[in-house]
Amino acid sequence: MPDPKPHHKHLAHLPSFTTEPIVFFTVVTARRQAVLACETAHHILRTIWQQSAERNGWWVGDYLLMPDHVHFFAQTSREADSIPKWVQMWKSVSSHKLLRILELVGPFWQKDYFDRYLRSDEDYSQKWAYVEANPVRAGLVTKPEDWPYRGRIHPLRF
């Protein structure tokens with residue numbers, strides 16, 4: 001006797017976002033140079049990211065600079081530059097400034113980067129808890145809130 005309920009295979013669906021997606025990024029310095037944990041790098045990156053909402057349609061939320069990499073969360077507007085275009089822009093601008101001010105020889109950033117779309121507030125919270133514990137795990141501070149190279153530029157919402 002045939003099964004009255006036919007079996008259908010469904011393709012996996014991308015998550016449906018009620019707002020524009022939030023993306024988690026990790027970007028590493030070239031040759032893993034330990035040059036980001038300083039007030040100069042913090043100021044330059046924060047300034048570029050503050051301006052990118054209006055200029056490029058990318059809103060940066062929480063971020064944390066480690067000596068050789070940066071983690072941050074960002075959300076797009078509908079008119080935003082693509083991820084590759086936006087990442088290339090802020091890496092290029094920051095690279096020129098940081099190489100000159102820190103008197104380094106380029107390149108400053110690795111070519112590739114890691115990005116991951118987040119699905120929920122819980123996903124964001126779990127990722128941020130891991131990120132903010134990085135300086136503690138690295139033995140740089142005893143409490144996450146003691147790490148000076150971190151912050152929030154814009155509150156991001158799902």
# chains A, B, ... in the order shown; residues from 1 in each chain; ligands from 1
call {"tool": "closest_atom_pairs", "arguments": {"of": "region 84-142 of chain A", "to": "region 23-46 of chain A", "cutoff": "7 Å", "atoms": "only C-alpha atoms", "output": "Markdown table"}}
result
| residue | atom | partner | partner_atom | distance |
| --- | --- | --- | --- | --- |
| A:Ser94 | CA | A:Leu45 | CA | 6.5 |
| A:Leu98 | CA | A:Ala41 | CA | 6.8 |
| A:Pro107 | CA | A:Ala30 | CA | 6.2 |
| A:Phe108 | CA | A:Ala30 | CA | 5.3 |
| A:Trp109 | CA | A:Thr29 | CA | 4.2 |
| A:Gln110 | CA | A:Ala30 | CA | 4.4 |
| A:Tyr113 | CA | A:Val27 | CA | 4.9 |
| A:Phe114 | CA | A:Thr26 | CA | 5.1 |
| A:Asp115 | CA | A:Phe25 | CA | 4.5 |
| A:Arg116 | CA | A:Phe24 | CA | 5.1 |
| A:Tyr117 | CA | A:Val23 | CA | 4.5 |
| A:Leu118 | CA | A:Val23 | CA | 5.9 |
call {"tool": "write_last_selection", "arguments": {"atoms": "N, CA and C atoms", "output": "PDB file, in the first residue's frame"}}
result
ATOM      1  N   SER A  94      43.035  51.925   6.926  1.00  0.00           N
ATOM      2  CA  SER A  94      43.753  51.734   8.194  1.00  0.00           C
ATOM      3  C   SER A  94      45.202  51.329   7.945  1.00  0.00           C
ATOM      4  N   LEU A  98      48.280  53.234   9.589  1.00  0.00           N
ATOM      5  CA  LEU A  98      49.048  52.512  10.606  1.00  0.00           C
ATOM      6  C   LEU A  98      50.485  52.238  10.178  1.00  0.00           C
ATOM      7  N   PRO A 107      52.887  44.370   3.899  1.00  0.00           N
ATOM      8  CA  PRO A 107      51.473  44.684   4.119  1.00  0.00           C
ATOM      9  C   PRO A 107      51.122  44.680   5.613  1.00  0.00           C
ATOM     10  N   PHE A 108      50.005  45.324   5.936  1.00  0.00           N
ATOM     11  CA  PHE A 108      49.592  45.406   7.340  1.00  0.00           C
ATOM     12  C   PHE A 108      48.648  44.264   7.710  1.00  0.00           C
ATOM     13  N   TRP A 109      47.672  43.959   6.830  1.00  0.00           N
ATOM     14  CA  TRP A 109      46.658  42.931   7.100  1.00  0.00           C
ATOM     15  C   TRP A 109      46.889  41.699   6.226  1.00  0.00           C
ATOM     16  N   GLN A 110      46.459  40.540   6.728  1.00  0.00           N
ATOM     17  CA  GLN A 110      46.396  39.360   5.871  1.00  0.00           C
ATOM     18  C   GLN A 110      45.332  39.618   4.815  1.00  0.00           C
ATOM     19  N   TYR A 113      40.038  37.041   5.483  1.00  0.00           N
ATOM     20  CA  TYR A 113      39.403  37.332   6.761  1.00  0.00           C
ATOM     21  C   TYR A 113      38.300  36.303   6.969  1.00  0.00           C
ATOM     22  N   PHE A 114      37.806  36.231   8.189  1.00  0.00           N
ATOM     23  CA  PHE A 114      36.738  35.300   8.525  1.00  0.00           C
ATOM     24  C   PHE A 114      35.469  36.111   8.747  1.00  0.00           C
ATOM     25  N   ASP A 115      34.356  35.681   8.164  1.00  0.00           N
ATOM     26  CA  ASP A 115      33.070  36.311   8.444  1.00  0.00           C
ATOM     27  C   ASP A 115      32.016  35.233   8.630  1.00  0.00           C
ATOM     28  N   ARG A 116      31.070  35.512   9.506  1.00  0.00           N
ATOM     29  CA  ARG A 116      30.011  34.552   9.794  1.00  0.00           C
ATOM     30  C   ARG A 116      28.728  35.316  10.109  1.00  0.00           C
ATOM     31  N   TYR A 117      27.649  34.956   9.422  1.00  0.00           N
ATOM     32  CA  TYR A 117      26.350  35.550   9.711  1.00  0.00           C
ATOM     33  C   TYR A 117      25.815  34.975  11.016  1.00  0.00           C
ATOM     34  N   LEU A 118      25.310  35.841  11.874  1.00  0.00           N
ATOM     35  CA  LEU A 118      24.728  35.403  13.142  1.00  0.00           C
ATOM     36  C   LEU A 118      23.219  35.273  12.974  1.00  0.00           C
TER      37      LEU A 118
END
call {"tool": "residues_around", "arguments": {"residues": "region 71-81 of chain A", "least_positions_apart": "4", "cutoff": "8 Å", "atoms": "only C-alpha atoms", "output": "MDAnalysis selection string"}}
result
chainID A and resid 20:27 56:65 85:86 131 156
call {"tool": "select_by_dssp", "arguments": {"residues": "region 57-156 of chain A", "states": "alpha helix (DSSP H)", "output": "PyMOL selection string"}}
result
chain A and resi 83-101+121-132+134-137
call {"tool": "atom_distance", "arguments": {"atom1": "CA of Pro155 (chain A)", "atom2": "CA of Val70 (chain A)"}}
result
18.3 Å
call {"tool": "atom_distance", "arguments": {"atom1": "CA of Trp90 (chain A)", "atom2": "CA of Asn134 (chain A)"}}
result
23.2 Å
call {"tool": "closest_residue", "arguments": {"among": "A:Met66, A:Arg157, A:Glu103, A:Lys111", "to": "Glu132 (chain A)", "atoms": "only C-alpha atoms"}}
result
A:Met66
call {"tool": "select_by_dssp", "arguments": {"residues": "region 2-153 of chain A", "states": "strand (DSSP E or B)", "output": "ChimeraX atom specification"}}
result
/A:22-29,58-65,69-76,109,114-117,150-152
call {"tool": "atom_distance", "arguments": {"atom1": "CA of Glu122 (chain A)", "atom2": "CA of Ser52 (chain A)"}}
result
25.8 Å
